[in-house]
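S.K.: There's a structure below that I have some questions on.
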Amino acid sequence: MEGTGSVDVNTISTALLRNVEVLTGGASAVYGADAVTGVVNFNMRNGASFDGLELRTQTGVTDDGDANEFFLSLANGFSTDKGDLVFAVEYQETSPVYARDRDFAGSGLYTQVANTEATQSAFGIDSRFKNTWVPDYRLPISSDRGVISLTGSAFGDVAGSGGVLGCGTIGTSMFPTCQVVGEDGTLSAYNPGDVYAGPFDASGGDGVPGSPDAELILPESKRVLVQAVSNYELNEFVNFFVDAKFVFSSTKETNQVNGFNDDIPISLDNPYIPAALLSQINELQAEGESPSLVMSRDVLDINANSNPEAERKTYRIVTGFDGYIPNTALEYEVFYNYGRTDADITSNLRIEDRYFAAIDAVTDPATGNVVCRSDLDSSALPPTSPFPSANANFGFLTFQPGDGSCVPVNLFGKDSISAEAANFIFQPGTEQNDITQENFLAVVSGDSSDLFELPAGPVMFALGYEWRKESSTYTPDPYSAAGLTFGTLDSRNGPTNPSDGEYDVSEYFVEATIPLLEGVDFAERLELRTAYRSSDYDPYGTHDAWTIGTVWSPVDTFSIRTTFSEAVRVPNINEAFAPTFAASLGAGDDPCNQNLISAGSEFREANCIALIGDAVADGTYDSTNFLSAFVSGSTGGNPDLDPEEAETITIGTVWRPDTELDGMLEGLVVTLDYYNIEIDGLIDSLTGFDIASNCVDAPTINNQFCDAIDRDATNGFITDFRSGFINLAAVETSGIDFRIDYGFELAKLVDTDGRIEFTINGTNFLKNDEVRDVSAPDEVTDVLGTFGRPEWIVNMSADYIIGELVVGWRGRYEGSQLLPGLENQDIESDPDFISQTHTGSALVHDFSVSYTFEDSLEVYGGINNAFEEDPYLGTLSRPAGPRGRFFYLGVNYTM
């Protein structure tokens, strides 16, 4: 992935993939620094696995008629006595899914809010709960239609409204102080919320939707892959190989809001003012009032979406030699790998001088046309919003006033921004991410038979040298670099700076398998396995990783394996050198608020009092009294990160009872592995709310998290924060991995043909503890059972095979877990913290069928998520994602 050094599995050929191996436990002594907790190996096909040109095509669609998927691949391989060649060409595309097309997304997505009298009345929530979940979450203080106020502060009107329709009244005719232009174009009283919990929390109404129905929940994407792999025997000792591929992918998404503002001033001569509103203004002026027209508005207009489109190009070539060293039993391999990913993300950016110039519209007295005021008076700077505030150097910086390029914009109503105005205000900007990796490896492997053998056999070994260099650069678009966009205002996070970083590492490694016993009583096989790797990083210094383990087979059918490892992972380039971007924290997302103070650790309330004072102690503190919708902060990389260090223990067994019970269990393989992984200095990415919560949940406020939070000295509310990557103190996780594979002929049980094959593969997580604050090593936070960390995850499969027909079932079970955003200590500290705490367990079912005609044509199809398991409350990611029930049909044809 761009900027991270992580592997994008979408660049791996589907047609050339043979299988996938997953290894648990610290493997960095063997595989390098990233294999702290394990490794995934993708094994590819060779030329001998092909019988001709393979054509595969597949298409699919949901039962809602969307998320269309199309895949096409051509692959072939050739094999001779001197070498082989394989190649593949693949094309894949998927169509998008919008939030409006799923009843659990968009306005149907549930969000956590404080449990007030309004939520208790509307949803029947017991008053004992501090918080609850509501659908159609909205932000009342602003609207995508524009909250119109004649008092000079739409923000103040909504904040003081108590949720009353229209907020209040003004003038003898009692006009609503908050109004909105509806979808039918009529002016009406503004509805702060059907269920109003506060100025920043509501369900329904006219406020800004927290999850817009027009938002993409599955993006539109395309992928093209071309790959070729070849090796050729130059002589009996030297084989040349090369692996080259190119992958292009594009992804189109949406961002929720393309800019927001409180109390945008609108001049009273603006020709877009609706007639009904203008009539109110005239009446108020006749009464001696001085109406001040402002609007709070979030940009969600269909013509003004940011519509980010990411295009990625990946190039990779590996070339080298392998073979045998003459007159020995030793093998060698030497290769060089070069890879590069160029990722460009283009978005429509709101340019601030253009936006406010377009808002300041007037009627041209000469033509009667609506124009920008700056076209008539090039020195007339438009008024700007108080939040977010304009830069001190605000002026006409990206266009020449008076040249006719400015296009006036109408903000009254939903989707009121015209395509012409959007083309002037919102400019395409492209940010560039580039990452390059170079890798050289030289390894010699074999056994000691040329020199010596132990009584149980020769020692197997490998030793070698590896060098790797990774570099990454980020170049912002010119508008963001100059601080001219909404996202790069000085009042938010300022201009986006370019960034770059690199590291290189030289490593020496050795691995050995030492046979200790063989063919004796209670030791059919006993061997010692060990590995060591020394890595010299620039700039992280020298680090060692090692592993030692045993495999003991008292009998042929049963083995016990153990491993103890010490592993190291240095920060990747994104974690260390990512640029700083603007981030935001919701006005109500303060752990010292009354609906959150009882959650968290036993130290939270005392620490909040220490930070804020008596307002917390007497229950009157409310961060929303002092803020707009969001607190601006920053997030990004951290060049001061330290490497992670891990200790891993695994103990496991493998049972293959092929010859037991007269062969009844032939084909059965049972594996069971216990693991325990302790990581010091785990690198994690924390949000602003995570930082604020960890600050007050530590034993004291003298910690690294409080150092990243700024609070107002008088009122105590959060004014700034710095989030992103940090080193946590420690993490410990343990569990049991298990797998059962069994296949048998049905004739063993009943008088029928056919075969059954099934697999159960899962994990029972036993512990997942975090020590977050390095200054408080004894304060342990249990995160087992929180969202994404259930105690049980089990994958199951069963296939019935008769002749060329295969009927299959796949199931994925995960145990109940806390709903998103909740911590164990929230519920432990206050059992009445929230009305619903857990997801409940889930089992997702997939069914498939395939039939092969004359070994050259396979037709297959199936249904994924057949019983349409919906995502859990408050999320779109688990247990099955937002796609829903999905039907697919495909063909494999060998020519």
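Each chain in the structure tokens gets a letter, A, B and so on, in the order shown; residues start at 1 in every chain, and ligands are counted from 1 in the order they appear.
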Using DSSP on the backbone coordinates, identify all residues within range 676-772 of chain A classified as strand (DSSP E or B); present the result as an mmCIF file with C-alpha atoms, in the first residue's frame.
M.R.:
```cif
data_model
loop_
_atom_site.group_PDB
_atom_site.id
_atom_site.type_symbol
_atom_site.label_atom_id
_atom_site.label_comp_id
_atom_site.auth_asym_id
_atom_site.auth_seq_id
_atom_site.Cartn_x
_atom_site.Cartn_y
_atom_site.Cartn_z
ATOM 1 C CA ASN A 676 0.989 -16.153 23.990
ATOM 2 C CA ILE A 677 2.329 -12.922 22.487
ATOM 3 C CA GLU A 678 3.689 -10.023 24.531
ATOM 4 C CA ILE A 679 4.574 -6.832 22.668
ATOM 5 C CA ASP A 680 6.367 -3.914 24.277
ATOM 6 C CA ILE A 683 2.611 0.984 17.562
ATOM 7 C CA ASP A 684 -1.006 2.039 17.350
ATOM 8 C CA SER A 685 -3.014 4.836 15.751
ATOM 9 C CA LEU A 686 -5.309 6.691 18.147
ATOM 10 C CA ILE A 709 -4.629 17.471 24.524
ATOM 11 C CA ASP A 710 -5.044 21.233 24.979
ATOM 12 C CA ARG A 711 -7.880 22.579 27.133
ATOM 13 C CA ILE A 718 -10.769 20.828 24.516
ATOM 14 C CA THR A 719 -9.281 23.368 22.114
ATOM 15 C CA ASP A 720 -6.751 21.253 20.194
ATOM 16 C CA PHE A 721 -5.361 17.739 20.029
ATOM 17 C CA ARG A 722 -2.585 15.836 18.320
ATOM 18 C CA SER A 723 -3.510 12.281 17.373
ATOM 19 C CA GLY A 724 -1.899 9.646 15.179
ATOM 20 C CA PHE A 725 0.709 6.972 15.840
ATOM 21 C CA ILE A 726 2.204 6.360 19.275
ATOM 22 C CA ASN A 727 3.913 3.587 21.192
ATOM 23 C CA ALA A 730 2.598 -3.088 26.206
ATOM 24 C CA VAL A 731 0.097 -5.582 24.796
ATOM 25 C CA GLU A 732 -0.384 -9.217 25.732
ATOM 26 C CA THR A 733 -2.643 -11.588 23.861
ATOM 27 C CA SER A 734 -3.104 -15.327 24.094
ATOM 28 C CA GLY A 735 -5.396 -17.908 22.631
ATOM 29 C CA ILE A 736 -5.865 -21.332 21.122
ATOM 30 C CA ASP A 737 -5.818 -21.917 17.373
ATOM 31 C CA PHE A 738 -7.434 -25.140 16.222
ATOM 32 C CA ARG A 739 -8.076 -26.893 12.935
ATOM 33 C CA ILE A 740 -9.742 -30.153 11.987
ATOM 34 C CA ASP A 741 -9.611 -31.528 8.442
ATOM 35 C CA TYR A 742 -11.400 -34.749 7.570
ATOM 36 C CA GLY A 743 -12.408 -36.365 4.337
ATOM 37 C CA PHE A 744 -13.903 -39.807 3.780
ATOM 38 C CA GLU A 745 -15.830 -41.905 1.290
ATOM 39 C CA ARG A 755 -17.195 -38.217 -0.610
ATOM 40 C CA ILE A 756 -17.467 -35.713 2.254
ATOM 41 C CA GLU A 757 -14.715 -33.262 3.122
ATOM 42 C CA PHE A 758 -14.977 -30.781 5.946
ATOM 43 C CA THR A 759 -12.767 -28.313 7.800
ATOM 44 C CA ILE A 760 -13.133 -26.441 11.067
ATOM 45 C CA ASN A 761 -10.577 -23.703 11.604
ATOM 46 C CA GLY A 762 -10.793 -21.166 14.390
ATOM 47 C CA THR A 763 -9.407 -19.288 17.344
ATOM 48 C CA ASN A 764 -10.465 -19.007 20.961
ATOM 49 C CA PHE A 765 -8.956 -15.796 22.283
ATOM 50 C CA LEU A 766 -8.114 -16.154 25.975
ATOM 51 C CA LYS A 767 -6.542 -12.791 26.774
ATOM 52 C CA ASN A 768 -6.066 -9.400 25.151
ATOM 53 C CA ASP A 769 -4.606 -6.866 27.587
ATOM 54 C CA GLU A 770 -3.193 -3.415 26.890
ATOM 55 C CA VAL A 771 -1.010 -1.206 29.040
#
```
S.K.: Residues within 12 Å of Lys748 in chain A, please, as an NGL selection string. Count only C-alpha atoms; anything in the same chain fewer than 6 positions from it doesn't count.
M.R.: :A and (662-666 or 754-756)
S.K.: Just the number, please: distance in Å from CA of Leu611 in chain A to CA of Ile827 in chain A, one decimal.
M.R.: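 About the pair CA of Leu611 in chain A and CA of Ile827 in chain A: they are 23.7 Å apart.
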S.K.: CA of Gly413 in chain A to CA of Leu381 in chain A: how many Å, to one decimal?
M.R.: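 One can read the CA of Gly413 in chain A to CA of Leu381 in chain A distance as 24.6 Å.
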S.K.: Restricting the calculation to only C-alpha atoms: of A:Asp826, A:Asp64, A:Glu311, A:Glu518, which residue gets closest to Glu868 in chain A?
M.R.: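 Of all the options, A:Asp64 lies closest to Glu868 in chain A.
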S.K.: For Phe200 in chain A, which residue among A:Ala798, A:Ala629, A:Cys608, A:Val40 is the nearest when counting only C-alpha atoms?
M.R.: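 Closest to Phe200 in chain A, using only C-alpha atoms: A:Ala629.
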S.K.: Record the distance separating CA of Asn410 in chain A and CA of Ala159 in chain A, expressed in Å with one decimal.
M.R.: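 According to the coordinates, CA of Asn410 in chain A and CA of Ala159 in chain A are separated by 25.2 Å.
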S.K.: Considering only C-alpha atoms, return as a ChimeraX atom specification whatever protein or nucleic-acid residues lie within 9 Å of range 93-96 of chain A, sequence-local ones (same chain, fewer than 2 positions apart) excluded.
M.R.: /A:66-71,91,98,216-224,252-253
S.K.: Atoms to include: C-alpha atoms. Write the selected residues as an mmCIF file, in the first residue's frame.
M.R.:
```
data_model
loop_
_atom_site.group_PDB
_atom_site.id
_atom_site.type_symbol
_atom_site.label_atom_id
_atom_site.label_comp_id
_atom_site.auth_asym_id
_atom_site.auth_seq_id
_atom_site.Cartn_x
_atom_site.Cartn_y
_atom_site.Cartn_z
ATOM 1 C CA ASP A 66 -26.244 -3.642 -7.046
ATOM 2 C CA ALA A 67 -22.595 -4.323 -6.169
ATOM 3 C CA ASN A 68 -22.234 -5.872 -9.613
ATOM 4 C CA GLU A 69 -18.961 -7.712 -9.996
ATOM 5 C CA PHE A 70 -17.166 -8.885 -13.121
ATOM 6 C CA PHE A 71 -13.898 -10.807 -13.312
ATOM 7 C CA TYR A 91 -9.475 -7.621 -15.212
ATOM 8 C CA TYR A 98 -24.956 3.724 -1.735
ATOM 9 C CA LEU A 216 -20.898 5.320 -0.894
ATOM 10 C CA ILE A 217 -20.584 2.397 1.502
ATOM 11 C CA LEU A 218 -18.915 0.172 -1.116
ATOM 12 C CA PRO A 219 -16.755 2.000 -3.650
ATOM 13 C CA GLU A 220 -16.636 1.653 -7.401
ATOM 14 C CA SER A 221 -13.388 -0.025 -8.411
ATOM 15 C CA LYS A 222 -11.435 -1.437 -11.327
ATOM 16 C CA ARG A 223 -8.268 -3.535 -11.463
ATOM 17 C CA VAL A 224 -5.986 -4.703 -14.273
ATOM 18 C CA LYS A 252 -14.012 6.054 -6.610
ATOM 19 C CA GLU A 253 -15.464 7.025 -3.260
#
```
S.K.: Going by DSSP on the backbone, which bits of range 70-136 of chain A are helix (DSSP H, G or I)? Write them as a list in words, please.
M.R.: Ala99, Arg100, Asp101, Gly106, Ser107, Gly108, Glu117, Ala118, Thr119, Gln120, Ser121, Ala122 and Phe123 of chain A
S.K.: Pull the closest atom pair for each residue of range 538-580 of chain A that gets at most 12 Å from range 433-442 of chain A, along with the distance in Å to one decimal, counting only C-alpha atoms, ordering rows by chain and then ascending residue number, as JSON lines.
M.R.:
```
{"residue": "A:Asn572", "atom": "CA", "partner": "A:Ile435", "partner_atom": "CA", "distance": 11.4}
{"residue": "A:Ile573", "atom": "CA", "partner": "A:Ile435", "partner_atom": "CA", "distance": 9.0}
{"residue": "A:Asn574", "atom": "CA", "partner": "A:Ile435", "partner_atom": "CA", "distance": 10.0}
{"residue": "A:Ala578", "atom": "CA", "partner": "A:Asn433", "partner_atom": "CA", "distance": 10.2}
{"residue": "A:Pro579", "atom": "CA", "partner": "A:Asn433", "partner_atom": "CA", "distance": 10.7}
```
S.K.: Compile the contact shell of Ser143 in chain A as a ChimeraX atom specification: residues with an atom at most 12 Å away, counting only C-alpha atoms, same-chain residues fewer than 4 positions apart removed.
M.R.: /A:138-139,147-148,154-155,158,178-182,190-193,200,204-210,212,257,259-263,295-301,411-415,629
S.K.: Which residue out of A:Tyr540, A:Asp707, A:Phe396, A:Gly162 has the minimum interatomic distance to Asp640 in chain A when only C-alpha atoms are used?
M.R.: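 Under the stated criterion, the closest residue is A:Tyr540.
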S.K.: Neighbours of Glu90 in chain A within 12 Å (only C-alpha atoms; same-chain residues fewer than 6 positions away dropped), as a PyMOL selection string?
M.R.: chain A and resi 10-16+54-58+70-75+222-228+245-249
S.K.: For the interface of range 385-490 of chain A with range 353-363 of chain A (cut-off 8 Å, counting only C-alpha atoms), please tabulate each contacting residue of range 385-490 of chain A alongside its nearest pair of atoms and their separation in Å to one decimal, rows sorted by chain and increasing number, as JSON lines.
M.R.:
```
{"residue": "A:Phe394", "atom": "CA", "partner": "A:Asp353", "partner_atom": "CA", "distance": 7.2}
{"residue": "A:Gly395", "atom": "CA", "partner": "A:Asp353", "partner_atom": "CA", "distance": 6.3}
{"residue": "A:Phe396", "atom": "CA", "partner": "A:Asp353", "partner_atom": "CA", "distance": 5.7}
{"residue": "A:Leu397", "atom": "CA", "partner": "A:Asp353", "partner_atom": "CA", "distance": 6.8}
{"residue": "A:Thr398", "atom": "CA", "partner": "A:Asp353", "partner_atom": "CA", "distance": 7.2}
{"residue": "A:Phe399", "atom": "CA", "partner": "A:Arg354", "partner_atom": "CA", "distance": 7.7}
{"residue": "A:Cys406", "atom": "CA", "partner": "A:Ala358", "partner_atom": "CA", "distance": 6.4}
{"residue": "A:Val407", "atom": "CA", "partner": "A:Ala358", "partner_atom": "CA", "distance": 5.8}
{"residue": "A:Pro408", "atom": "CA", "partner": "A:Ala358", "partner_atom": "CA", "distance": 4.2}
{"residue": "A:Val409", "atom": "CA", "partner": "A:Ala358", "partner_atom": "CA", "distance": 5.2}
{"residue": "A:Asn410", "atom": "CA", "partner": "A:Ile359", "partner_atom": "CA", "distance": 6.9}
{"residue": "A:Leu411", "atom": "CA", "partner": "A:Ile359", "partner_atom": "CA", "distance": 7.5}
{"residue": "A:Ala421", "atom": "CA", "partner": "A:Ala358", "partner_atom": "CA", "distance": 7.5}
{"residue": "A:Phe424", "atom": "CA", "partner": "A:Arg354", "partner_atom": "CA", "distance": 7.1}
{"residue": "A:Ile425", "atom": "CA", "partner": "A:Arg354", "partner_atom": "CA", "distance": 5.1}
{"residue": "A:Leu484", "atom": "CA", "partner": "A:Asp353", "partner_atom": "CA", "distance": 7.7}
```
S.K.: Could the residues in this selection be saved with N, CA and C atoms as a CSV table (one decimal), in the first residue's frame?
M.R.:
```
chain,number,residue,atom,x,y,z
A,394,PHE,N,-6.7,36.4,4.0
A,394,PHE,CA,-7.7,36.1,3.1
A,394,PHE,C,-7.9,37.2,2.0
A,395,GLY,N,-8.0,36.8,0.8
A,395,GLY,CA,-8.2,37.7,-0.3
A,395,GLY,C,-8.4,36.9,-1.6
A,396,PHE,N,-8.4,37.6,-2.7
A,396,PHE,CA,-8.6,36.9,-4.0
A,396,PHE,C,-7.2,36.4,-4.4
A,397,LEU,N,-7.0,35.1,-4.2
A,397,LEU,CA,-5.7,34.5,-4.4
A,397,LEU,C,-5.6,33.5,-5.5
A,398,THR,N,-6.8,33.0,-6.0
A,398,THR,CA,-6.8,31.9,-7.0
A,398,THR,C,-7.5,32.4,-8.3
A,399,PHE,N,-8.1,33.6,-8.3
A,399,PHE,CA,-8.7,34.1,-9.5
A,399,PHE,C,-8.6,35.6,-9.5
A,406,CYS,N,-15.8,34.4,-12.0
A,406,CYS,CA,-16.6,34.0,-10.8
A,406,CYS,C,-18.0,33.7,-11.1
A,407,VAL,N,-18.5,32.6,-10.6
A,407,VAL,CA,-19.9,32.2,-10.8
A,407,VAL,C,-20.7,32.3,-9.5
A,408,PRO,N,-21.7,33.0,-9.4
A,408,PRO,CA,-22.4,33.2,-8.1
A,408,PRO,C,-23.1,31.9,-7.8
A,409,VAL,N,-23.3,31.7,-6.4
A,409,VAL,CA,-23.8,30.4,-6.0
A,409,VAL,C,-25.0,30.7,-5.1
A,410,ASN,N,-26.0,29.8,-5.1
A,410,ASN,CA,-27.2,29.9,-4.3
A,410,ASN,C,-27.1,28.8,-3.2
A,411,LEU,N,-27.1,29.3,-2.0
A,411,LEU,CA,-27.0,28.3,-0.8
A,411,LEU,C,-28.3,28.0,-0.2
A,421,ALA,N,-21.6,26.8,-10.8
A,421,ALA,CA,-20.9,27.4,-9.6
A,421,ALA,C,-20.0,26.4,-9.0
A,424,PHE,N,-16.6,26.4,-10.6
A,424,PHE,CA,-15.8,27.5,-10.3
A,424,PHE,C,-15.2,27.3,-8.9
A,425,ILE,N,-16.0,26.9,-7.9
A,425,ILE,CA,-15.6,26.9,-6.5
A,425,ILE,C,-14.7,25.7,-6.2
A,484,LEU,N,-5.1,27.0,0.8
A,484,LEU,CA,-6.2,27.7,0.1
A,484,LEU,C,-7.5,26.9,0.1
```
S.K.: Could you check the closest approach to Gly803 in chain A for each of A:Asn41, A:Pro199, A:Gln817, A:Glu854 and tell me which residue wins, using only C-alpha atoms?
M.R.: A:Glu854
S.K.: When you look at range 654-660 of chain A with a cut-off of 8 Å (counting only C-alpha atoms), what residues show up, excluding the ones that are within fewer than 3 positions of it in the same chain? I need them as an NGL selection string.
M.R.: :A and (557-560 or 663-672)
S.K.: Select, from A:Ile170, A:Ile612, A:Ala329, A:Leu234, the residue with the minimum atom-to-atom distance to Lys82 in chain A, counting only C-alpha atoms.
M.R.: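 That would be A:Leu234, the residue with the smallest distance to Lys82 in chain A.
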